[in-house]
$ cat start.json   # JSON, C-alpha atoms
[["chain", "number", "residue", "atom", "x", "y", "z"],
["Y", 1, "MET", "CA", 144.67, 73.52, 138.53],
["Y", 2, "SER", "CA", 141.84, 71.14, 137.69],
["Y", 3, "ASP", "CA", 140.70, 70.70, 134.07],
["Y", 4, "VAL", "CA", 137.18, 69.74, 135.13],
["Y", 5, "ALA", "CA", 134.57, 72.24, 133.93],
["Y", 6, "ASP", "CA", 132.71, 74.20, 136.54],
["Y", 7, "THR", "CA", 129.09, 73.02, 136.39],
["Y", 8, "ARG", "CA", 127.73, 75.09, 139.24],
["Y", 9, "ARG", "CA", 124.57, 77.05, 138.52],
["Y", 10, "LEU", "CA", 124.76, 80.81, 138.23],
["Y", 11, "ASN", "CA", 123.17, 82.85, 140.95],
["Y", 12, "SER", "CA", 119.92, 84.17, 139.51],
["Y", 13, "LYS", "CA", 118.07, 87.22, 140.74],
["Y", 14, "PRO", "CA", 115.21, 86.30, 143.08],
["Y", 15, "GLN", "CA", 111.81, 86.89, 141.50],
["Y", 16, "ASP", "CA", 109.32, 89.06, 143.34],
["Y", 17, "LEU", "CA", 105.56, 89.34, 142.88],
["Y", 18, "ASN", "CA", 105.82, 92.20, 140.39],
["Y", 19, "ASP", "CA", 108.11, 90.16, 138.13],
["Y", 20, "ALA", "CA", 105.92, 87.08, 138.41],
["Y", 21, "TYR", "CA", 102.52, 88.65, 137.85],
["Y", 22, "GLY", "CA", 103.33, 91.93, 136.11],
["Y", 23, "PRO", "CA", 103.02, 92.51, 132.37],
["Y", 24, "PRO", "CA", 105.84, 91.05, 130.23],
["Y", 25, "SER", "CA", 108.49, 93.31, 128.78],
["Y", 26, "ASN", "CA", 107.02, 93.01, 125.26],
["Y", 27, "PHE", "CA", 103.50, 91.82, 124.65],
["Y", 28, "LEU", "CA", 100.87, 92.12, 121.94],
["Y", 29, "GLU", "CA", 97.37, 90.73, 122.39],
["Y", 30, "ILE", "CA", 94.55, 91.05, 119.86],
["Y", 31, "ASP", "CA", 91.06, 89.73, 120.48],
["Y", 32, "VAL", "CA", 88.34, 89.46, 117.85],
["Y", 33, "TYR", "CA", 84.98, 89.15, 119.60],
["Y", 34, "ASN", "CA", 81.41, 90.45, 119.91],
["Y", 35, "PRO", "CA", 80.17, 89.80, 116.36],
["Y", 36, "GLN", "CA", 77.10, 91.81, 115.38],
["Y", 37, "VAL", "CA", 74.90, 91.48, 112.31],
["Y", 38, "ILE", "CA", 74.28, 94.93, 110.85],
["Y", 39, "GLY", "CA", 71.74, 95.91, 108.21],
["Y", 40, "CYS", "CA", 68.98, 93.96, 106.56],
["Y", 41, "GLY", "CA", 68.29, 92.19, 103.28],
["Y", 42, "ARG", "CA", 71.14, 92.01, 100.80],
["Y", 43, "GLY", "CA", 73.01, 94.73, 102.69],
["Y", 44, "ARG", "CA", 73.50, 92.65, 105.84],
["Y", 45, "TYR", "CA", 77.01, 91.98, 107.09],
["Y", 46, "THR", "CA", 78.74, 90.86, 110.27],
["Y", 47, "ALA", "CA", 81.11, 93.22, 112.10],
["Y", 48, "TYR", "CA", 83.58, 92.16, 114.79],
["Y", 49, "GLU", "CA", 85.31, 94.14, 117.52],
["Y", 50, "VAL", "CA", 89.09, 94.06, 117.25],
["Y", 51, "HIS", "CA", 90.67, 94.89, 120.61],
["Y", 52, "MET", "CA", 94.46, 95.34, 120.79],
["Y", 53, "ARG", "CA", 96.60, 95.68, 123.91],
["Y", 54, "THR", "CA", 100.34, 96.14, 123.66],
["Y", 55, "ASN", "CA", 103.36, 97.93, 125.08],
["Y", 56, "LEU", "CA", 105.39, 97.85, 121.86],
["Y", 57, "PRO", "CA", 106.73, 101.34, 121.06],
["Y", 58, "ILE", "CA", 105.97, 100.92, 117.35],
["Y", 59, "PHE", "CA", 102.24, 101.38, 118.02],
["Y", 60, "LYS", "CA", 100.91, 104.83, 118.80],
["Y", 61, "LEU", "CA", 98.01, 103.59, 120.95],
["Y", 62, "LYS", "CA", 98.64, 100.95, 123.60],
["Y", 63, "ASP", "CA", 94.96, 100.05, 123.95],
["Y", 64, "SER", "CA", 92.59, 100.38, 121.01],
["Y", 65, "CYS", "CA", 89.30, 98.88, 119.93],
["Y", 66, "VAL", "CA", 87.76, 99.15, 116.46],
["Y", 67, "ARG", "CA", 85.00, 97.36, 114.58],
["Y", 68, "ARG", "CA", 85.85, 95.54, 111.37],
["Y", 69, "ARG", "CA", 84.03, 93.32, 108.89],
["Y", 70, "TYR", "CA", 85.35, 90.49, 106.74],
["Y", 71, "SER", "CA", 86.02, 92.75, 103.73],
["Y", 72, "ASP", "CA", 88.30, 94.89, 105.93],
["Y", 73, "PHE", "CA", 90.41, 91.85, 106.79],
["Y", 74, "GLU", "CA", 90.50, 91.03, 103.09],
["Y", 75, "TRP", "CA", 91.67, 94.58, 102.30],
["Y", 76, "LEU", "CA", 94.49, 94.27, 104.85],
["Y", 77, "LYS", "CA", 95.63, 90.98, 103.35],
["Y", 78, "ASN", "CA", 95.72, 92.45, 99.84],
["Y", 79, "GLU", "CA", 97.66, 95.53, 100.98],
["Y", 80, "LEU", "CA", 100.29, 93.44, 102.75],
["Y", 81, "GLU", "CA", 100.70, 91.12, 99.79],
["Y", 82, "ARG", "CA", 101.24, 94.10, 97.51],
["Y", 83, "ASP", "CA", 103.53, 96.31, 99.62],
["Y", 84, "SER", "CA", 105.36, 94.04, 102.10],
["Y", 85, "LYS", "CA", 107.81, 91.18, 101.70],
["Y", 86, "ILE", "CA", 106.23, 88.82, 104.19],
["Y", 87, "VAL", "CA", 104.29, 85.63, 103.59],
["Y", 88, "VAL", "CA", 100.73, 86.62, 104.44],
["Y", 89, "PRO", "CA", 98.66, 83.83, 106.04],
["Y", 90, "SER", "CA", 95.36, 82.87, 104.51],
["Y", 91, "LEU", "CA", 91.97, 84.15, 105.62],
["Y", 92, "PRO", "CA", 88.94, 82.00, 106.42],
["Y", 93, "SER", "CA", 87.11, 81.06, 103.24],
["Y", 94, "LYS", "CA", 84.46, 83.36, 101.79],
["Y", 95, "ALA", "CA", 81.92, 80.49, 101.99],
["Y", 96, "LEU", "CA", 80.37, 81.12, 98.58],
["Y", 97, "LYS", "CA", 77.96, 78.19, 99.02],
["Y", 98, "ARG", "CA", 76.44, 79.92, 102.03],
["Y", 99, "GLN", "CA", 75.69, 82.96, 99.88],
["Y", 100, "LEU", "CA", 73.38, 81.05, 97.54],
["Y", 101, "PRO", "CA", 69.68, 82.00, 97.72],
["Y", 102, "PHE", "CA", 66.85, 79.76, 98.94],
["Y", 103, "ARG", "CA", 68.90, 78.09, 101.67],
["Y", 104, "GLN", "CA", 67.18, 76.41, 104.60],
["Y", 105, "ASP", "CA", 69.54, 77.97, 107.15],
["Y", 106, "GLU", "CA", 70.83, 81.48, 107.83],
["Y", 107, "GLY", "CA", 73.85, 81.04, 105.54],
["Y", 108, "LEU", "CA", 76.55, 83.55, 106.39],
["Y", 109, "PHE", "CA", 74.68, 84.64, 109.49],
["Y", 110, "GLU", "CA", 74.35, 81.29, 111.21],
["Y", 111, "GLU", "CA", 75.83, 81.40, 114.71],
["Y", 112, "THR", "CA", 78.14, 78.42, 114.27],
["Y", 113, "PHE", "CA", 79.57, 79.83, 111.04],
["Y", 114, "ILE", "CA", 80.07, 83.29, 112.57],
["Y", 115, "GLU", "CA", 81.97, 81.73, 115.48],
["Y", 116, "GLU", "CA", 84.18, 79.70, 113.13],
["Y", 117, "ARG", "CA", 84.95, 82.78, 111.08],
["Y", 118, "ARG", "CA", 85.67, 84.81, 114.23],
["Y", 119, "VAL", "CA", 88.25, 82.26, 115.40],
["Y", 120, "GLY", "CA", 89.89, 82.25, 111.96],
["Y", 121, "LEU", "CA", 90.03, 86.04, 111.78],
["Y", 122, "GLU", "CA", 91.55, 86.24, 115.27],
["Y", 123, "GLN", "CA", 94.29, 83.79, 114.31],
["Y", 124, "PHE", "CA", 94.95, 85.71, 111.10],
["Y", 125, "ILE", "CA", 95.34, 89.14, 112.70],
["Y", 126, "ASN", "CA", 97.54, 87.83, 115.53],
["Y", 127, "LYS", "CA", 99.92, 86.21, 113.05],
["Y", 128, "ILE", "CA", 100.09, 89.40, 111.01],
["Y", 129, "ALA", "CA", 100.53, 91.80, 113.93],
["Y", 130, "GLY", "CA", 103.21, 89.62, 115.51],
["Y", 131, "HIS", "CA", 105.45, 89.82, 112.44],
["Y", 132, "PRO", "CA", 108.23, 92.44, 112.88],
["Y", 133, "LEU", "CA", 108.11, 93.53, 109.22],
["Y", 134, "ALA", "CA", 104.33, 93.81, 109.16],
["Y", 135, "GLN", "CA", 104.44, 96.06, 112.24],
["Y", 136, "ASN", "CA", 106.06, 98.76, 110.10],
["Y", 137, "GLU", "CA", 103.25, 98.87, 107.55],
["Y", 138, "ARG", "CA", 100.84, 101.79, 107.71],
["Y", 139, "CYS", "CA", 97.90, 99.65, 106.61],
["Y", 140, "LEU", "CA", 98.23, 97.48, 109.74],
["Y", 141, "HIS", "CA", 98.27, 100.52, 112.03],
["Y", 142, "MET", "CA", 95.25, 101.95, 110.26],
["Y", 143, "PHE", "CA", 93.42, 98.63, 110.53],
["Y", 144, "LEU", "CA", 94.09, 98.23, 114.27],
["Y", 145, "GLN", "CA", 93.91, 101.78, 115.59],
["Y", 146, "GLU", "CA", 91.74, 103.99, 113.40],
["Y", 147, "GLU", "CA", 87.95, 104.04, 113.42],
["Y", 148, "THR", "CA", 87.59, 104.17, 109.65],
["Y", 149, "ILE", "CA", 89.88, 102.77, 106.99],
["Y", 150, "ASP", "CA", 91.00, 105.20, 104.31],
["Y", 151, "ARG", "CA", 91.15, 103.12, 101.13],
["Y", 152, "ASN", "CA", 92.88, 106.02, 99.33],
["Y", 153, "TYR", "CA", 95.77, 106.23, 101.79],
["Y", 154, "VAL", "CA", 99.39, 106.47, 100.69],
["Y", 155, "PRO", "CA", 101.21, 103.18, 101.45],
["Y", 156, "GLY", "CA", 104.37, 103.49, 103.50],
["Y", 157, "LYS", "CA", 106.28, 102.50, 106.59],
["Y", 158, "THR", "CA", 105.70, 103.45, 110.20],
["Y", 159, "PHE", "CA", 108.87, 103.67, 112.27],
["Y", 160, "GLN", "CA", 109.40, 103.71, 115.99],
["Y", 161, "THR", "CA", 109.46, 107.21, 117.44],
["Y", 162, "ASP", "CA", 111.03, 106.99, 120.87],
["Y", 163, "ALA", "CA", 111.54, 110.39, 122.47],
["Y", 164, "ALA", "CA", 114.20, 109.04, 124.83],
["Y", 165, "ALA", "CA", 116.36, 107.70, 122.03],
["Y", 166, "PRO", "CA", 118.28, 110.46, 120.23],
["Y", 167, "SER", "CA", 118.00, 110.49, 116.49],
["Y", 168, "THR", "CA", 121.12, 109.54, 114.54],
["Y", 169, "LEU", "CA", 119.94, 111.38, 111.45],
["Y", 170, "PRO", "CA", 121.29, 114.89, 110.80],
["Y", 171, "PRO", "CA", 118.81, 117.76, 111.24],
["Y", 172, "PRO", "CA", 117.12, 118.93, 108.05],
["Y", 173, "THR", "CA", 118.70, 121.86, 106.25],
["Y", 174, "PHE", "CA", 116.37, 124.59, 105.04],
["Y", 175, "ILE", "CA", 117.50, 126.84, 102.17],
["Y", 176, "SER", "CA", 115.89, 130.21, 101.69],
["Y", 177, "ALA", "CA", 114.45, 131.33, 98.36],
["Y", 178, "SER", "CA", 117.17, 134.00, 97.86],
["Y", 179, "VAL", "CA", 119.95, 131.43, 98.30],
["Y", 180, "ARG", "CA", 118.25, 129.09, 95.83],
["Y", 181, "GLU", "CA", 117.98, 131.93, 93.29],
["Y", 182, "GLN", "CA", 121.68, 132.80, 93.71],
["Y", 183, "ARG", "CA", 122.69, 129.18, 93.21],
["Y", 184, "GLY", "CA", 120.50, 128.89, 90.13],
["Y", 185, "ALA", "CA", 121.97, 132.07, 88.62],
["Y", 186, "ALA", "CA", 125.53, 130.85, 89.29],
["Y", 187, "LEU", "CA", 124.84, 127.52, 87.61],
["Y", 188, "ALA", "CA", 123.22, 129.24, 84.61],
["Y", 189, "SER", "CA", 126.18, 131.63, 84.14],
["Y", 190, "ARG", "CA", 128.63, 128.75, 84.47],
["Y", 191, "SER", "CA", 126.83, 126.76, 81.78],
["Y", 192, "ARG", "CA", 126.74, 129.82, 79.46],
["Y", 193, "SER", "CA", 130.49, 130.37, 79.90],
["Y", 194, "TYR", "CA", 131.14, 126.85, 78.64],
["Y", 195, "GLU", "CA", 129.05, 127.27, 75.48],
["Y", 196, "PRO", "CA", 131.69, 129.08, 73.28],
["Y", 197, "GLN", "CA", 134.36, 126.55, 74.22],
["Y", 198, "ARG", "CA", 132.03, 123.68, 73.46],
["Y", 199, "PHE", "CA", 131.07, 125.21, 70.11],
["Y", 200, "ALA", "CA", 134.72, 125.79, 69.09],
["Y", 201, "TYR", "CA", 135.66, 122.25, 70.06],
["Y", 202, "CYS", "CA", 132.80, 120.78, 68.01],
["Y", 203, "THR", "CA", 133.71, 122.96, 65.00],
["Y", 204, "MET", "CA", 137.37, 121.92, 65.03],
["Y", 205, "LEU", "CA", 136.37, 118.30, 65.39],
["Y", 206, "CYS", "CA", 134.13, 118.57, 62.33],
["Y", 207, "VAL", "CA", 136.90, 120.28, 60.31],
["Y", 208, "TYR", "CA", 139.53, 117.65, 61.10],
["Y", 209, "SER", "CA", 137.12, 114.83, 60.37],
["Y", 210, "VAL", "CA", 135.92, 116.27, 57.01],
["Y", 211, "ILE", "CA", 139.32, 117.32, 55.53],
["Y", 212, "PRO", "CA", 140.66, 113.77, 54.91],
["Y", 213, "HIS", "CA", 137.43, 112.75, 53.17],
["Y", 214, "LEU", "CA", 137.43, 115.92, 51.09],
["Y", 215, "LEU", "CA", 141.02, 115.39, 49.97],
["Y", 216, "SER", "CA", 140.31, 111.80, 49.03],
["Y", 217, "VAL", "CA", 137.37, 112.93, 46.86],
["Y", 218, "ILE", "CA", 139.26, 115.79, 45.18],
["Y", 219, "GLY", "CA", 142.39, 113.77, 44.55],
["Y", 220, "LYS", "CA", 144.91, 115.45, 42.22],
["Y", 221, "ASN", "CA", 142.36, 117.24, 40.09],
["Y", 222, "VAL", "CA", 143.33, 120.91, 40.14],
["Y", 223, "GLU", "CA", 139.97, 122.15, 38.89],
["Y", 224, "LYS", "CA", 138.08, 120.41, 41.71],
["Y", 225, "ARG", "CA", 140.44, 121.89, 44.28],
["Y", 226, "ARG", "CA", 139.83, 125.38, 42.94],
["Y", 227, "LEU", "CA", 136.08, 124.88, 43.30],
["Y", 228, "CYS", "CA", 135.81, 122.92, 46.55],
["Y", 229, "ILE", "CA", 138.38, 124.58, 48.78],
["Y", 230, "PRO", "CA", 136.83, 128.10, 48.64],
["Y", 231, "LEU", "CA", 133.41, 126.60, 49.18],
["Y", 232, "PHE", "CA", 134.66, 124.64, 52.17],
["Y", 233, "LEU", "CA", 136.29, 127.71, 53.70],
["Y", 234, "PHE", "CA", 133.09, 129.70, 53.19],
["Y", 235, "CYS", "CA", 131.12, 127.03, 55.07],
["Y", 236, "ILE", "CA", 133.56, 127.12, 57.98],
["Y", 237, "PHE", "CA", 133.38, 130.92, 58.14],
["Y", 238, "PHE", "CA", 129.58, 130.78, 58.09],
["Y", 239, "VAL", "CA", 129.49, 128.27, 60.95],
["Y", 240, "LEU", "CA", 131.86, 130.28, 63.10],
["Y", 241, "LEU", "CA", 129.68, 133.33, 62.75]]

$ encode --input "start.json" --output "structure tokens"
Amino acid sequence: MSDVADTRRLNSKPQDLNDAYGPPSNFLEIDVYNPQVIGCGRGRYTAYEVHMRTNLPIFKLKDSCVRRRYSDFEWLKNELERDSKIVVPSLPSKALKRQLPFRQDEGLFEETFIEERRVGLEQFINKIAGHPLAQNERCLHMFLQEETIDRNYVPGKTFQTDAAAPSTLPPPTFISASVREQRGAALASRSRSYEPQRFAYCTMLCVYSVIPHLLSVIGKNVEKRRLCIPLFLFCIFFVLL
């Protein structure tokens, strides 16, 4: 038998047109485009369309399109930095110099600046959405797939819900109100039955701990014994009552 390794290529499955030009098994594409300036005066802002296409089962919608402004991207970044354990990439700068009054150009609404910011926002959201840990965050799903962002939402995780895959968790157990009342009454009666035993144990412990100190104080003085011992017994009898 030869010791030379077999270097022949494995027989691969021939690729057809559907495999070559069909959608990949897992894909996620997000485009930020169509910027529009909304409002007038000091209330003007630029909003971008965020279009997501995916076949990942973690996302509820496979094709969604929402409109977001720069402050929405900033909100998403802050939420991920607070609740997740990933390194969040940086956003395009806020361009504070362009917000100064009496500028000769359009400032934040100049076409070249809007295009630069659009490219930066698209890179940011693709890096975030492509991270496996970020895909479980509710804030990302809200940002990509809901028309309006609820700033008062409850942070949490979003898990894959595949109907074909059976759940490994046990079904929830529901307890009726009558059963809960019976269990509560049984626990209360059990705790009450232990109270006399606990009280007797504590009393005996106090007696055995006080007697040596009392004897050391009384010593051999007969008059002190006659006075202290009846008083001590009276105290014990009063406690036991």

$ closest_residue --input "start.json" --among "Y:Arg82, Y:Arg68, Y:Arg117, Y:Arg44" --to "Leu144 of chain Y" --atoms "only C-alpha atoms"
Y:Arg68

$ closest_residue --input "start.json" --among "Y:Leu140, Y:Met52, Y:Leu100, Y:Cys65" --to "Ile128 of chain Y" --atoms "all atoms listed in the file"
Y:Leu140

$ atom_distance --input "start.json" --atom1 "atom CA of Gln123 of chain Y" --atom2 "atom CA of Arg98 of chain Y"
22.0 Å

$ atom_distance --input "start.json" --atom1 "atom CA of Leu80 of chain Y" --atom2 "atom CA of Ile58 of chain Y"
17.4 Å

$ residues_around --input "start.json" --residues "Glu110 of chain Y" --least-positions-apart "5" --cutoff "12 Å" --atoms "all atoms listed in the file" --output "PyMOL selection string"
chain Y and resi 35-37+45-46+95+98-99+103-105+115-117

$ write_last_selection --input "start.json" --atoms "C-alpha atoms" --output "CSV table (one decimal), keeping the file's coordinate frame"
chain,number,residue,atom,x,y,z
Y,35,PRO,CA,80.2,89.8,116.4
Y,36,GLN,CA,77.1,91.8,115.4
Y,37,VAL,CA,74.9,91.5,112.3
Y,45,TYR,CA,77.0,92.0,107.1
Y,46,THR,CA,78.7,90.9,110.3
Y,95,ALA,CA,81.9,80.5,102.0
Y,98,ARG,CA,76.4,79.9,102.0
Y,99,GLN,CA,75.7,83.0,99.9
Y,103,ARG,CA,68.9,78.1,101.7
Y,104,GLN,CA,67.2,76.4,104.6
Y,105,ASP,CA,69.5,78.0,107.2
Y,115,GLU,CA,82.0,81.7,115.5
Y,116,GLU,CA,84.2,79.7,113.1
Y,117,ARG,CA,85.0,82.8,111.1

$ closest_residue --input "start.json" --among "Y:Val154, Y:Ala134, Y:Ile149, Y:Cys139" --to "Val66 of chain Y" --atoms "all atoms listed in the file"
Y:Ile149

$ closest_residue --input "start.json" --among "Y:Lys62, Y:Lys85, Y:Arg118, Y:His141" --to "Ala47 of chain Y" --atoms "only C-alpha atoms"
Y:Arg118

$ atom_distance --input "start.json" --atom1 "atom CA of Asp31 of chain Y" --atom2 "atom CA of Glu106 of chain Y"
25.2 Å

$ closest_residue --input "start.json" --among "Y:Asp16, Y:Glu49, Y:Glu111, Y:Glu122" --to "Arg67 of chain Y" --atoms "only C-alpha atoms"
Y:Glu49

$ axis_aligned_box --input "start.json" --around "segment 128-141 of chain Y" --padding-each-side "8 Å" --output "lines of an AutoDock Vina configuration file"
center_x = 103.1
center_y = 95.6
center_z = 111.1
size_x = 26.3
size_y = 28.4
size_z = 24.9

$ residues_around --input "start.json" --residues "Asn78 of chain Y" --least-positions-apart "4" --cutoff "12 Å" --atoms "all atoms listed in the file" --output "mmCIF file with C-alpha atoms, in the frame of the given file"
data_model
loop_
_atom_site.group_PDB
_atom_site.id
_atom_site.type_symbol
_atom_site.label_atom_id
_atom_site.label_comp_id
_atom_site.auth_asym_id
_atom_site.auth_seq_id
_atom_site.Cartn_x
_atom_site.Cartn_y
_atom_site.Cartn_z
ATOM 1 C CA SER Y 71 86.020 92.750 103.730
ATOM 2 C CA ASP Y 72 88.300 94.890 105.930
ATOM 3 C CA PHE Y 73 90.410 91.850 106.790
ATOM 4 C CA GLU Y 74 90.500 91.030 103.090
ATOM 5 C CA ARG Y 82 101.240 94.100 97.510
ATOM 6 C CA ASP Y 83 103.530 96.310 99.620
ATOM 7 C CA SER Y 84 105.360 94.040 102.100
ATOM 8 C CA ILE Y 86 106.230 88.820 104.190
ATOM 9 C CA VAL Y 87 104.290 85.630 103.590
ATOM 10 C CA VAL Y 88 100.730 86.620 104.440
ATOM 11 C CA PRO Y 89 98.660 83.830 106.040
ATOM 12 C CA SER Y 90 95.360 82.870 104.510
ATOM 13 C CA LEU Y 91 91.970 84.150 105.620
ATOM 14 C CA CYS Y 139 97.900 99.650 106.610
ATOM 15 C CA LEU Y 140 98.230 97.480 109.740
ATOM 16 C CA ARG Y 151 91.150 103.120 101.130
#
